[in-house]
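Here's query-v1.cif, which has mmCIF, C-alpha atoms:
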```
data_upload
#
loop_
_atom_site.group_PDB
_atom_site.id
_atom_site.type_symbol
_atom_site.label_atom_id
_atom_site.label_comp_id
_atom_site.auth_asym_id
_atom_site.auth_seq_id
_atom_site.Cartn_x
_atom_site.Cartn_y
_atom_site.Cartn_z
ATOM 1 C CA MET D 1 0.000 0.000 0.000
ATOM 2 C CA ILE D 2 2.903 2.284 0.681
ATOM 3 C CA VAL D 3 4.211 1.269 -2.741
ATOM 4 C CA LYS D 4 0.905 2.190 -4.383
ATOM 5 C CA HIS D 5 0.920 5.661 -2.851
ATOM 6 C CA LEU D 6 4.654 6.023 -3.399
ATOM 7 C CA SER D 7 4.350 5.439 -7.146
ATOM 8 C CA ILE D 8 1.722 8.188 -7.398
ATOM 9 C CA TYR D 9 3.919 10.473 -5.309
ATOM 10 C CA ILE D 10 6.928 9.872 -7.543
ATOM 11 C CA SER D 11 4.775 10.629 -10.600
ATOM 12 C CA LEU D 12 3.688 13.893 -8.979
ATOM 13 C CA ILE D 13 7.270 14.944 -8.239
ATOM 14 C CA PHE D 14 8.249 14.012 -11.806
ATOM 15 C CA LEU D 15 5.424 16.188 -13.180
ATOM 16 C CA LEU D 16 6.553 19.032 -10.916
ATOM 17 C CA THR D 17 10.095 18.770 -12.316
ATOM 18 C CA LEU D 18 8.670 18.614 -15.831
ATOM 19 C CA SER D 19 6.609 21.779 -15.375
ATOM 20 C CA TYR D 20 9.584 23.581 -13.855
ATOM 21 C CA GLY D 21 11.740 22.555 -16.793
ATOM 22 C CA LEU D 22 9.124 23.520 -19.369
ATOM 23 C CA ALA D 23 8.906 26.990 -17.871
ATOM 24 C CA HIS D 24 12.475 27.650 -18.938
ATOM 25 C CA LEU D 25 11.971 26.549 -22.544
ATOM 26 C CA ASP D 26 10.927 28.897 -25.307
ATOM 27 C CA ILE D 27 7.592 27.471 -26.348
ATOM 28 C CA GLY D 28 5.731 30.725 -26.518
ATOM 29 C CA GLU D 29 1.969 30.449 -26.383
ATOM 30 C CA TRP D 30 1.942 26.824 -25.269
ATOM 31 C CA GLN D 31 3.604 27.658 -21.979
ATOM 32 C CA MET D 32 0.417 28.475 -20.098
ATOM 33 C CA SER D 33 -1.583 25.627 -21.631
ATOM 34 C CA LEU D 34 1.076 23.021 -20.904
ATOM 35 C CA GLY D 35 1.595 24.270 -17.371
ATOM 36 C CA LEU D 36 -2.119 24.032 -16.685
ATOM 37 C CA LEU D 37 -2.366 20.659 -18.407
ATOM 38 C CA ILE D 38 0.335 19.310 -16.123
ATOM 39 C CA GLY D 39 -1.596 20.811 -13.220
ATOM 40 C CA VAL D 40 -4.763 19.036 -14.348
ATOM 41 C CA ILE D 41 -2.901 15.713 -14.599
ATOM 42 C CA LYS D 42 -1.495 16.208 -11.113
ATOM 43 C CA ALA D 43 -4.928 17.111 -9.741
ATOM 44 C CA THR D 44 -6.444 14.038 -11.405
ATOM 45 C CA LEU D 45 -3.770 11.785 -9.905
ATOM 46 C CA ILE D 46 -4.308 13.263 -6.441
ATOM 47 C CA GLY D 47 -8.074 13.033 -6.807
ATOM 48 C CA LEU D 48 -8.209 9.481 -8.125
ATOM 49 C CA PHE D 49 -5.652 7.881 -5.871
ATOM 50 C CA PHE D 50 -5.034 9.986 -2.781
ATOM 51 C CA MET D 51 -8.654 11.060 -2.417
ATOM 52 C CA ASN D 52 -9.853 7.523 -3.196
ATOM 53 C CA LEU D 53 -12.127 8.548 -6.041
ATOM 54 C CA ARG D 54 -11.148 5.391 -7.875
ATOM 55 C CA LEU D 55 -11.942 3.116 -4.964
ATOM 56 C CA ASN D 56 -15.183 4.731 -3.891
ATOM 57 C CA ASP D 57 -18.477 4.186 -5.661
ATOM 58 C CA GLY D 58 -19.438 6.198 -8.725
ATOM 59 C CA LEU D 59 -21.489 8.707 -6.764
ATOM 60 C CA HIS D 60 -18.281 10.239 -5.394
ATOM 61 C CA ARG D 61 -16.958 10.728 -8.916
ATOM 62 C CA VAL D 62 -20.267 12.317 -9.932
ATOM 63 C CA PHE D 63 -20.035 14.796 -7.050
ATOM 64 C CA ALA D 64 -16.452 15.675 -7.917
ATOM 65 C CA LEU D 65 -17.245 16.080 -11.611
ATOM 66 C CA ALA D 66 -20.285 18.190 -10.735
ATOM 67 C CA GLY D 67 -18.029 20.654 -8.946
ATOM 68 C CA ILE D 68 -15.714 20.822 -11.940
ATOM 69 C CA PHE D 69 -18.661 21.172 -14.312
ATOM 70 C CA ILE D 70 -20.005 24.171 -12.405
ATOM 71 C CA LEU D 71 -16.510 25.677 -12.483
ATOM 72 C CA GLY D 72 -16.566 25.183 -16.243
ATOM 73 C CA ALA D 73 -19.916 26.975 -16.394
ATOM 74 C CA LEU D 74 -18.427 29.818 -14.331
ATOM 75 C CA PHE D 75 -15.464 30.188 -16.658
ATOM 76 C CA SER D 76 -17.319 29.829 -19.951
ATOM 77 C CA LEU D 77 -20.164 32.200 -19.132
ATOM 78 C CA SER D 78 -17.842 34.833 -17.662
ATOM 79 C CA MET D 79 -15.464 34.565 -20.607
ATOM 80 C CA ALA D 80 -18.457 34.794 -22.953
ATOM 81 C CA ASP D 81 -19.263 38.124 -21.357
ATOM 82 C CA TYR D 82 -15.734 39.393 -21.891
ATOM 83 C CA VAL D 83 -15.259 38.029 -25.387
ATOM 84 C CA SER D 84 -18.615 39.214 -26.700
ATOM 85 C CA ARG D 85 -17.751 42.761 -25.672
ATOM 86 C CA ASN D 86 -14.284 42.600 -27.235
ATOM 87 C CA TRP D 87 -12.690 43.297 -23.873
ATOM 88 C CA LEU D 88 -9.897 40.795 -24.248
ATOM 89 C CA ALA D 89 -8.496 41.500 -27.712
ATOM 90 C CA LEU D 90 -8.646 37.817 -28.638
ATOM 91 C CA PRO D 91 -8.242 36.608 -32.213
ATOM 92 C CA GLY D 92 -11.589 36.270 -33.914
ATOM 93 C CA ASP D 93 -13.113 39.169 -32.040
ATOM 94 C CA PHE D 94 -16.786 39.870 -32.421
ATOM 95 C CA PRO D 95 -17.438 42.012 -35.437
ATOM 96 C CA THR D 96 -18.922 45.311 -34.478
ATOM 97 C CA ALA D 97 -21.765 46.847 -36.408
ATOM 98 C CA PHE D 98 -20.233 50.286 -36.142
ATOM 99 C CA THR D 99 -16.868 50.815 -37.821
ATOM 100 C CA PRO D 100 -15.356 54.167 -36.960
ATOM 101 C CA MET T 1 -28.016 -4.651 10.312
ATOM 102 C CA LYS T 2 -26.193 -2.428 12.754
ATOM 103 C CA THR T 3 -22.542 -2.767 13.576
ATOM 104 C CA HIS T 4 -20.710 -0.834 16.279
ATOM 105 C CA SER T 5 -23.781 1.107 17.323
ATOM 106 C CA SER T 6 -21.660 3.373 19.532
ATOM 107 C CA THR T 7 -20.295 5.129 16.448
ATOM 108 C CA LEU T 8 -23.348 4.647 14.236
ATOM 109 C CA ALA T 9 -25.732 7.584 14.282
ATOM 110 C CA GLU T 10 -29.424 6.858 14.514
ATOM 111 C CA GLN T 11 -30.405 8.037 11.043
ATOM 112 C CA PHE T 12 -28.156 5.561 9.211
ATOM 113 C CA ASP T 13 -28.856 1.912 8.497
ATOM 114 C CA ASN T 14 -25.218 0.830 8.551
ATOM 115 C CA SER T 15 -21.748 2.262 8.949
ATOM 116 C CA ILE T 16 -21.017 2.168 5.211
ATOM 117 C CA GLN T 17 -23.985 4.431 4.559
ATOM 118 C CA GLN T 18 -22.784 6.759 7.318
ATOM 119 C CA LYS T 19 -19.280 6.845 5.891
ATOM 120 C CA ASN T 20 -20.560 7.560 2.387
ATOM 121 C CA ALA T 21 -22.799 10.347 3.680
ATOM 122 C CA ALA T 22 -19.823 11.931 5.428
ATOM 123 C CA SER T 23 -17.457 11.768 2.455
ATOM 124 C CA LEU T 24 -20.114 12.888 -0.033
ATOM 125 C CA GLY T 25 -20.878 15.817 2.265
ATOM 126 C CA MET T 26 -17.211 16.742 2.254
ATOM 127 C CA TRP T 27 -17.122 16.494 -1.545
ATOM 128 C CA VAL T 28 -20.061 18.912 -1.778
ATOM 129 C CA PHE T 29 -18.108 21.333 0.417
ATOM 130 C CA LEU T 30 -15.017 20.859 -1.759
ATOM 131 C CA ALA T 31 -17.133 21.643 -4.830
ATOM 132 C CA THR T 32 -18.068 24.968 -3.240
ATOM 133 C CA GLU T 33 -14.396 25.595 -2.460
ATOM 134 C CA VAL T 34 -13.568 24.897 -6.112
ATOM 135 C CA LEU T 35 -15.894 27.741 -7.039
ATOM 136 C CA PHE T 36 -14.381 29.915 -4.316
ATOM 137 C CA PHE T 37 -10.880 29.569 -5.729
ATOM 138 C CA GLY T 38 -12.196 29.387 -9.273
ATOM 139 C CA VAL T 39 -13.358 32.979 -9.120
ATOM 140 C CA LEU T 40 -9.891 34.109 -8.032
ATOM 141 C CA PHE T 41 -8.314 32.187 -10.894
ATOM 142 C CA LEU T 42 -10.856 33.660 -13.316
ATOM 143 C CA ALA T 43 -9.773 37.154 -12.276
ATOM 144 C CA TYR T 44 -6.153 36.129 -12.786
ATOM 145 C CA PHE T 45 -6.770 34.673 -16.249
ATOM 146 C CA ILE T 46 -8.823 37.619 -17.468
ATOM 147 C CA TYR T 47 -6.095 40.053 -16.447
ATOM 148 C CA ARG T 48 -3.385 37.817 -17.859
ATOM 149 C CA ARG T 49 -5.230 37.624 -21.176
ATOM 150 C CA SER T 50 -5.702 41.384 -21.217
ATOM 151 C CA TYR T 51 -2.133 42.377 -20.296
ATOM 152 C CA PRO T 52 0.153 39.434 -21.054
ATOM 153 C CA LEU T 53 3.444 41.321 -21.234
ATOM 154 C CA GLU T 54 3.014 43.322 -18.033
ATOM 155 C CA PHE T 55 1.895 40.181 -16.208
ATOM 156 C CA GLU T 56 4.945 38.245 -17.355
ATOM 157 C CA GLU T 57 7.180 41.073 -16.265
ATOM 158 C CA ALA T 58 5.513 41.229 -12.859
ATOM 159 C CA ALA T 59 5.621 37.453 -12.469
ATOM 160 C CA GLN T 60 9.382 37.391 -12.957
ATOM 161 C CA GLN T 61 9.676 39.005 -9.543
ATOM 162 C CA MET T 62 8.175 35.957 -7.912
ATOM 163 C CA ASN T 63 10.479 33.762 -5.874
ATOM 164 C CA ILE T 64 10.355 30.596 -7.993
ATOM 165 C CA ALA T 65 12.762 28.732 -5.729
ATOM 166 C CA ILE T 66 10.489 29.000 -2.707
ATOM 167 C CA GLY T 67 7.459 28.330 -4.904
ATOM 168 C CA THR T 68 8.915 25.086 -6.243
ATOM 169 C CA ILE T 69 10.123 23.958 -2.825
ATOM 170 C CA ASN T 70 6.681 24.704 -1.398
ATOM 171 C CA THR T 71 5.007 22.663 -4.136
ATOM 172 C CA ALA T 72 7.288 19.714 -3.389
ATOM 173 C CA ILE T 73 6.589 20.063 0.343
ATOM 174 C CA LEU T 74 2.849 20.135 -0.195
ATOM 175 C CA LEU T 75 2.896 17.138 -2.537
ATOM 176 C CA SER T 76 4.903 15.231 0.069
ATOM 177 C CA SER T 77 2.438 16.200 2.783
ATOM 178 C CA SER T 78 -0.383 14.878 0.577
ATOM 179 C CA PHE T 79 1.501 11.604 0.234
ATOM 180 C CA PHE T 80 1.895 11.243 3.992
ATOM 181 C CA MET T 81 -1.736 12.233 4.574
ATOM 182 C CA ALA T 82 -2.831 9.491 2.165
ATOM 183 C CA LEU T 83 -0.685 7.054 4.128
ATOM 184 C CA ALA T 84 -2.238 8.225 7.400
ATOM 185 C CA VAL T 85 -5.747 7.612 6.045
ATOM 186 C CA SER T 86 -4.753 4.199 4.666
ATOM 187 C CA TYR T 87 -3.266 3.113 7.981
ATOM 188 C CA ALA T 88 -6.314 4.438 9.831
ATOM 189 C CA GLU T 89 -8.395 2.229 7.559
ATOM 190 C CA LEU T 90 -6.333 -0.722 8.747
ATOM 191 C CA GLY T 91 -6.811 0.318 12.358
ATOM 192 C CA LYS T 92 -3.102 0.880 12.967
ATOM 193 C CA THR T 93 -3.228 3.783 15.398
ATOM 194 C CA LYS T 94 0.500 4.282 15.896
ATOM 195 C CA GLN T 95 1.382 4.564 12.202
ATOM 196 C CA THR T 96 -1.605 6.864 11.642
ATOM 197 C CA ASN T 97 -0.296 9.133 14.385
ATOM 198 C CA ILE T 98 3.198 9.168 12.923
ATOM 199 C CA TYR T 99 1.992 10.083 9.433
ATOM 200 C CA LEU T 100 -0.442 12.696 10.757
ATOM 201 C CA ILE T 101 2.409 14.375 12.611
ATOM 202 C CA ILE T 102 4.668 14.254 9.538
ATOM 203 C CA THR T 103 1.868 15.865 7.478
ATOM 204 C CA PHE T 104 1.451 18.542 10.139
ATOM 205 C CA ILE T 105 5.185 19.270 10.200
ATOM 206 C CA LEU T 106 5.390 19.517 6.413
ATOM 207 C CA GLY T 107 2.375 21.841 6.344
ATOM 208 C CA THR T 108 3.939 24.055 8.977
ATOM 209 C CA VAL T 109 7.209 24.162 7.036
ATOM 210 C CA PHE T 110 5.220 25.257 3.979
ATOM 211 C CA LEU T 111 3.684 28.112 5.962
ATOM 212 C CA LEU T 112 7.094 29.131 7.318
ATOM 213 C CA PHE T 113 8.539 29.254 3.800
ATOM 214 C CA LYS T 114 5.491 31.261 2.691
ATOM 215 C CA ALA T 115 5.943 33.694 5.565
ATOM 216 C CA TYR T 116 9.589 34.166 4.647
ATOM 217 C CA GLU T 117 8.595 34.660 1.019
ATOM 218 C CA TYR T 118 6.102 37.369 2.022
ATOM 219 C CA TYR T 119 8.780 39.051 4.130
ATOM 220 C CA ASP T 120 11.223 38.904 1.215
ATOM 221 C CA ASP T 121 8.630 40.205 -1.252
ATOM 222 C CA ILE T 122 7.631 43.134 0.933
ATOM 223 C CA LYS T 123 11.301 43.957 1.496
ATOM 224 C CA LYS T 124 11.785 44.036 -2.305
ATOM 225 C CA ASN T 125 8.691 46.244 -2.508
ATOM 226 C CA ILE T 126 6.717 43.677 -4.464
ATOM 227 C CA VAL T 127 3.428 45.027 -3.231
ATOM 228 C CA PRO T 128 0.329 46.407 -4.887
ATOM 229 C CA THR T 129 1.004 50.040 -5.943
ATOM 230 C CA ALA T 130 4.544 49.190 -7.120
ATOM 231 C CA GLY T 131 5.650 48.568 -10.707
ATOM 232 C CA ASP T 132 7.847 49.898 -13.481
ATOM 233 C CA SER T 133 5.540 49.548 -16.478
ATOM 234 C CA ASP T 134 1.838 50.262 -16.271
ATOM 235 C CA PRO T 135 1.594 50.501 -12.480
ATOM 236 C CA HIS T 136 -2.094 49.658 -12.392
ATOM 237 C CA VAL T 137 -1.577 46.331 -14.109
ATOM 238 C CA THR T 138 1.485 45.355 -12.097
ATOM 239 C CA SER T 139 -0.401 46.231 -8.924
ATOM 240 C CA MET T 140 -3.185 43.992 -10.133
ATOM 241 C CA PHE T 141 -0.821 41.037 -10.492
ATOM 242 C CA TYR T 142 0.571 41.513 -7.002
ATOM 243 C CA LEU T 143 -2.910 42.014 -5.594
ATOM 244 C CA ILE T 144 -4.089 38.762 -7.167
ATOM 245 C CA TYR T 145 -0.916 37.022 -5.990
ATOM 246 C CA TYR T 146 -1.365 38.113 -2.395
ATOM 247 C CA THR T 147 -5.109 37.407 -2.397
ATOM 248 C CA ILE T 148 -4.806 33.898 -3.821
ATOM 249 C CA THR T 149 -1.876 32.883 -1.651
ATOM 250 C CA CYS T 150 -3.291 34.424 1.526
ATOM 251 C CA VAL T 151 -6.628 32.686 1.044
ATOM 252 C CA HIS T 152 -4.751 29.465 0.325
ATOM 253 C CA ALA T 153 -2.616 29.934 3.450
ATOM 254 C CA LEU T 154 -5.803 30.435 5.469
ATOM 255 C CA HIS T 155 -7.086 27.123 4.157
ATOM 256 C CA MET T 156 -3.748 25.567 5.095
ATOM 257 C CA ILE T 157 -4.091 26.827 8.667
ATOM 258 C CA ILE T 158 -7.595 25.382 8.888
ATOM 259 C CA GLY T 159 -6.326 22.085 7.478
ATOM 260 C CA LEU T 160 -3.439 21.982 9.938
ATOM 261 C CA SER T 161 -5.816 22.609 12.849
ATOM 262 C CA LEU T 162 -7.986 19.736 11.641
ATOM 263 C CA ILE T 163 -4.960 17.438 11.397
ATOM 264 C CA LEU T 164 -3.930 18.372 14.925
ATOM 265 C CA ILE T 165 -7.444 17.673 16.224
ATOM 266 C CA MET T 166 -7.442 14.302 14.453
ATOM 267 C CA PHE T 167 -4.039 13.524 15.994
ATOM 268 C CA PHE T 168 -5.266 14.169 19.518
ATOM 269 C CA LYS T 169 -8.494 12.256 18.935
ATOM 270 C CA ASN T 170 -6.435 9.365 17.593
ATOM 271 C CA CYS T 171 -4.217 9.481 20.689
ATOM 272 C CA ARG T 172 -7.375 9.098 22.776
ATOM 273 C CA GLN T 173 -8.197 5.909 20.818
ATOM 274 C CA GLU T 174 -11.368 7.382 19.354
ATOM 275 C CA PHE T 175 -10.790 5.755 15.946
ATOM 276 C CA SER T 176 -10.660 2.143 14.842
ATOM 277 C CA ARG T 177 -10.808 -0.032 11.780
ATOM 278 C CA HIS T 178 -14.580 0.393 11.794
ATOM 279 C CA TYR T 179 -14.732 4.134 12.379
ATOM 280 C CA TYR T 180 -12.061 6.415 10.984
ATOM 281 C CA THR T 181 -14.316 8.741 8.950
ATOM 282 C CA PRO T 182 -13.113 12.058 10.466
ATOM 283 C CA ILE T 183 -9.541 11.211 9.472
ATOM 284 C CA GLU T 184 -10.661 10.372 5.952
ATOM 285 C CA ILE T 185 -12.571 13.617 5.405
ATOM 286 C CA THR T 186 -9.715 15.631 6.932
ATOM 287 C CA GLY T 187 -7.584 13.888 4.308
ATOM 288 C CA LEU T 188 -10.007 14.957 1.572
ATOM 289 C CA TYR T 189 -9.765 18.588 2.691
ATOM 290 C CA TRP T 190 -5.984 18.450 2.844
ATOM 291 C CA HIS T 191 -5.693 16.921 -0.644
ATOM 292 C CA PHE T 192 -7.968 19.642 -1.973
ATOM 293 C CA VAL T 193 -5.743 22.371 -0.481
ATOM 294 C CA ASP T 194 -2.826 20.645 -2.225
ATOM 295 C CA ILE T 195 -4.695 20.565 -5.543
ATOM 296 C CA VAL T 196 -5.365 24.307 -5.305
ATOM 297 C CA TRP T 197 -1.649 24.951 -4.809
ATOM 298 C CA VAL T 198 -0.878 22.675 -7.784
ATOM 299 C CA PHE T 199 -2.803 25.165 -9.922
ATOM 300 C CA ILE T 200 -1.435 28.256 -8.175
ATOM 301 C CA TYR T 201 2.164 27.227 -8.886
ATOM 302 C CA PRO T 202 2.142 27.256 -12.721
ATOM 303 C CA SER T 203 -0.173 30.266 -12.852
ATOM 304 C CA LEU T 204 1.841 32.596 -10.613
ATOM 305 C CA TYR T 205 5.386 31.268 -10.537
ATOM 306 C CA LEU T 206 6.103 29.630 -13.889
ATOM 307 C CA VAL T 207 5.204 32.693 -15.956
ATOM 308 C CA GLY T 208 7.790 34.542 -18.000
ATOM 309 C CA ARG T 209 10.702 32.415 -16.895
ATOM 310 C CA LEU T 210 12.648 32.306 -20.151
ATOM 311 C CA SER T 211 16.302 32.610 -19.270
#
```
What is this structure when it is put down as structure tokens?
Amino acid sequence: MIVKHLSIYISLIFLLTLSYGLAHLDIGEWQMSLGLLIGVIKATLIGLFFMNLRLNDGLHRVFALAGIFILGALFSLSMADYVSRNWLALPGDFPTAFTP
Amino acid sequence: MKTHSSTLAEQFDNSIQQKNAASLGMWVFLATEVLFFGVLFLAYFIYRRSYPLEFEEAAQQMNIAIGTINTAILLSSSFFMALAVSYAELGKTKQTNIYLIITFILGTVFLLFKAYEYYDDIKKNIVPTAGDSDPHVTSMFYLIYYTITCVHALHMIIGLSLILIMFFKNCRQEFSRHYYTPIEITGLYWHFVDIVWVFIYPSLYLVGRLS
């Protein structure tokens, strides 16, 4: 059982080293996405194994995913507000009816 | 079928149902905490998207050494907390105590490093209202940094208090193989605090680090 937890722990430390190393590489736009992706993988590992989501019944996974789903709703609706008003200068901005 | 009625509350049919109710309740609370931190991260991402260059410049002032060490410390504390819960499940009180204390020590070390980092930052004048480029934006980065990490540190303190309470309850032999639920849900809270830091680290520390 120690070995089971230890293997997850070693994976987490490896991912930490990986994200630290990636931060010093010149990968431009992908830096933020990769950093967050590594964070998501780490969070999934912690959630599945340390928080026993894998062992427990499916209802626990539903509750956890529900929390993440609502977070997704928070992000997407808030970003929709910002993007639709051209407040973020993102590529593919909303066309405005009035062109000065 | 009732087992160990001394620890089984009246409204539950069996201890498994009671344990599931407790952990599901904790997961609901963690879902609300996800939203709590999610809003702070949303603010961070919106500002980062709006002013990427100023944010990268401000983020270079962050102490990445302490940030990385703190991440490693917190991941280790999660590992030992998972061990404590696993040994509590087996009813091994002594090992549970040992791992709870190790988790508590690692969490305290994290807070000490954080306190030193705050001291260092304030000494270097990395505070809201400072900044070379657009001062408003740089202030915003530091404001978000302090808000997120202070709220996270508050959650750490709460988690450490819970671990200490569990340690003393365990010393008084209040837990067994059949009833260790409080330790398990304390573990859930602690792992969640770790997960939040896992997202804080790349967002605040690993930005603009090209050497």
Per residue of chain D within 9 Å of chain T, which atom pair is closest and at what distance in Å (one decimal), using all atoms listed in the file, listed by chain and increasing number, as a tab-separated table?
```
residue	atom	partner	partner_atom	distance
D:Met1	CA	T:Ser86	CA	7.9
D:Ile2	CA	T:Leu83	CA	6.9
D:His5	CA	T:Phe79	CA	6.7
D:Leu6	CA	T:Phe79	CA	7.4
D:Ile8	CA	T:Phe79	CA	8.4
D:Tyr9	CA	T:Phe79	CA	6.2
D:Leu12	CA	T:Leu75	CA	7.3
D:Ile13	CA	T:Ala72	CA	6.8
D:Leu16	CA	T:Ala72	CA	7.6
D:Thr17	CA	T:Thr68	CA	8.8
D:Ser19	CA	T:Pro202	CA	7.5
D:Tyr20	CA	T:Leu206	CA	7.0
D:Leu22	CA	T:Leu206	CA	8.7
D:Ala23	CA	T:Leu206	CA	5.5
D:His24	CA	T:Leu210	CA	4.8
D:Leu25	CA	T:Leu210	CA	6.3
D:Asp26	CA	T:Leu210	CA	6.4
D:Gln31	CA	T:Val207	CA	8.0
D:Met32	CA	T:Ser203	CA	7.5
D:Gly35	CA	T:Pro202	CA	5.6
D:Leu36	CA	T:Pro202	CA	6.7
D:Ile38	CA	T:Pro202	CA	8.8
D:Gly39	CA	T:Phe199	CA	5.6
D:Val40	CA	T:Phe199	CA	7.8
D:Lys42	CA	T:Val198	CA	7.3
D:Ala43	CA	T:Ile195	CA	5.4
D:Thr44	CA	T:Ile195	CA	8.9
D:Ile46	CA	T:His191	CA	7.0
D:Gly47	CA	T:His191	CA	7.7
D:Phe49	CA	T:Ala82	CA	8.7
D:Phe50	CA	T:Ala82	CA	5.4
D:Met51	CA	T:Leu188	CA	5.7
D:Asn52	CA	T:Leu188	CA	8.8
D:Asn56	CA	T:Asn20	CA	8.7
D:Asp57	CA	T:Asn20	CA	9.0
D:Leu59	CA	T:Leu24	CA	8.0
D:His60	CA	T:Leu24	CA	6.3
D:Phe63	CA	T:Trp27	CA	6.5
D:Ala64	CA	T:Trp27	CA	6.5
D:Leu65	CA	T:Ala31	CA	8.8
D:Ala66	CA	T:Ala31	CA	7.5
D:Gly67	CA	T:Ala31	CA	4.3
D:Ile68	CA	T:Ala31	CA	7.3
D:Ile70	CA	T:Leu35	CA	7.6
D:Leu71	CA	T:Leu35	CA	5.9
D:Leu74	CA	T:Val39	CA	7.9
D:Phe75	CA	T:Leu42	CA	6.7
D:Ser78	CA	T:Leu42	CA	8.3
D:Met79	CA	T:Ile46	CA	8.0
D:Tyr82	CA	T:Ile46	CA	8.4
D:Trp87	CA	T:Ser50	CA	7.7
D:Leu88	CA	T:Ser50	CA	5.2
D:Ala89	CA	T:Ser50	CA	7.1
D:Leu90	CA	T:Arg49	CA	8.2
```
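Between CA of Phe113 (chain T) and CA of Ala58 (chain T) the separation is 20.7 Å.
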Residues within 12 Å of Ser161 (chain T), only C-alpha atoms, excluding chain neighbours under 4 positions, as a PyMOL selection string:
chain T and resi 100-101+103-105+107-108+154-157+165-168+186+189-190
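One distance worth recording is that between CA of His136 (chain T) and CA of Phe55 (chain T), which is 11.0 Å.
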Calculate, to one decimal in Å, the centre and edge lengths of the box along x, y and z of the file that holds all listed atoms of region 35-39 of chain D with 3 Å of margin on each side, and present them as lines of an AutoDock Vina configuration file.
```
center_x = -0.4
center_y = 21.8
center_z = -15.8
size_x = 10.0
size_y = 11.0
size_z = 11.2
```
For Lys92 (chain T), which of T:Cys171, T:Leu106, T:Ile163, T:Val193 is the closest residue, counting only C-alpha atoms?
T:Cys171
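For the pair CA of His152 (chain T) and CA of Pro182 (chain T), the interatomic distance is 21.8 Å.
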Closest to Tyr179 (chain T) among T:Leu204, T:Gly91, T:Val151, T:Ala59, using only C-alpha atoms?
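Among the listed residues, the smallest separation from Tyr179 (chain T) belongs to T:Gly91.
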Dump all heavy atoms of region 37-41 of chain D from the given block, as a CSV table (one decimal), in the first residue's frame.
```csv
chain,number,residue,atom,x,y,z
D,37,LEU,N,-2.1,22.1,-18.1
D,37,LEU,CA,-2.4,20.7,-18.4
D,37,LEU,C,-1.7,19.7,-17.4
D,37,LEU,O,-2.2,18.8,-16.9
D,37,LEU,CB,-1.9,20.3,-19.8
D,37,LEU,CG,-2.2,18.9,-20.3
D,37,LEU,CD1,-3.6,18.6,-20.4
D,37,LEU,CD2,-1.5,18.6,-21.6
D,38,ILE,N,-0.4,20.1,-17.1
D,38,ILE,CA,0.3,19.3,-16.1
D,38,ILE,C,-0.4,19.4,-14.8
D,38,ILE,O,-0.5,18.5,-14.0
D,38,ILE,CB,1.8,19.8,-16.1
D,38,ILE,CG1,2.5,19.4,-17.3
D,38,ILE,CG2,2.5,19.2,-14.9
D,38,ILE,CD1,3.9,19.8,-17.4
D,39,GLY,N,-0.9,20.6,-14.5
D,39,GLY,CA,-1.6,20.8,-13.2
D,39,GLY,C,-2.8,19.9,-13.2
D,39,GLY,O,-3.2,19.3,-12.1
D,40,VAL,N,-3.6,19.9,-14.3
D,40,VAL,CA,-4.8,19.0,-14.3
D,40,VAL,C,-4.4,17.6,-14.2
D,40,VAL,O,-5.1,16.8,-13.4
D,40,VAL,CB,-5.5,19.3,-15.7
D,40,VAL,CG1,-6.5,18.2,-15.9
D,40,VAL,CG2,-6.2,20.6,-15.7
D,41,ILE,N,-3.3,17.1,-14.8
D,41,ILE,CA,-2.9,15.7,-14.6
D,41,ILE,C,-2.6,15.4,-13.1
D,41,ILE,O,-3.0,14.4,-12.6
D,41,ILE,CB,-1.7,15.4,-15.5
D,41,ILE,CG1,-2.1,15.5,-17.0
D,41,ILE,CG2,-1.2,14.0,-15.2
D,41,ILE,CD1,-0.9,15.3,-17.9
```
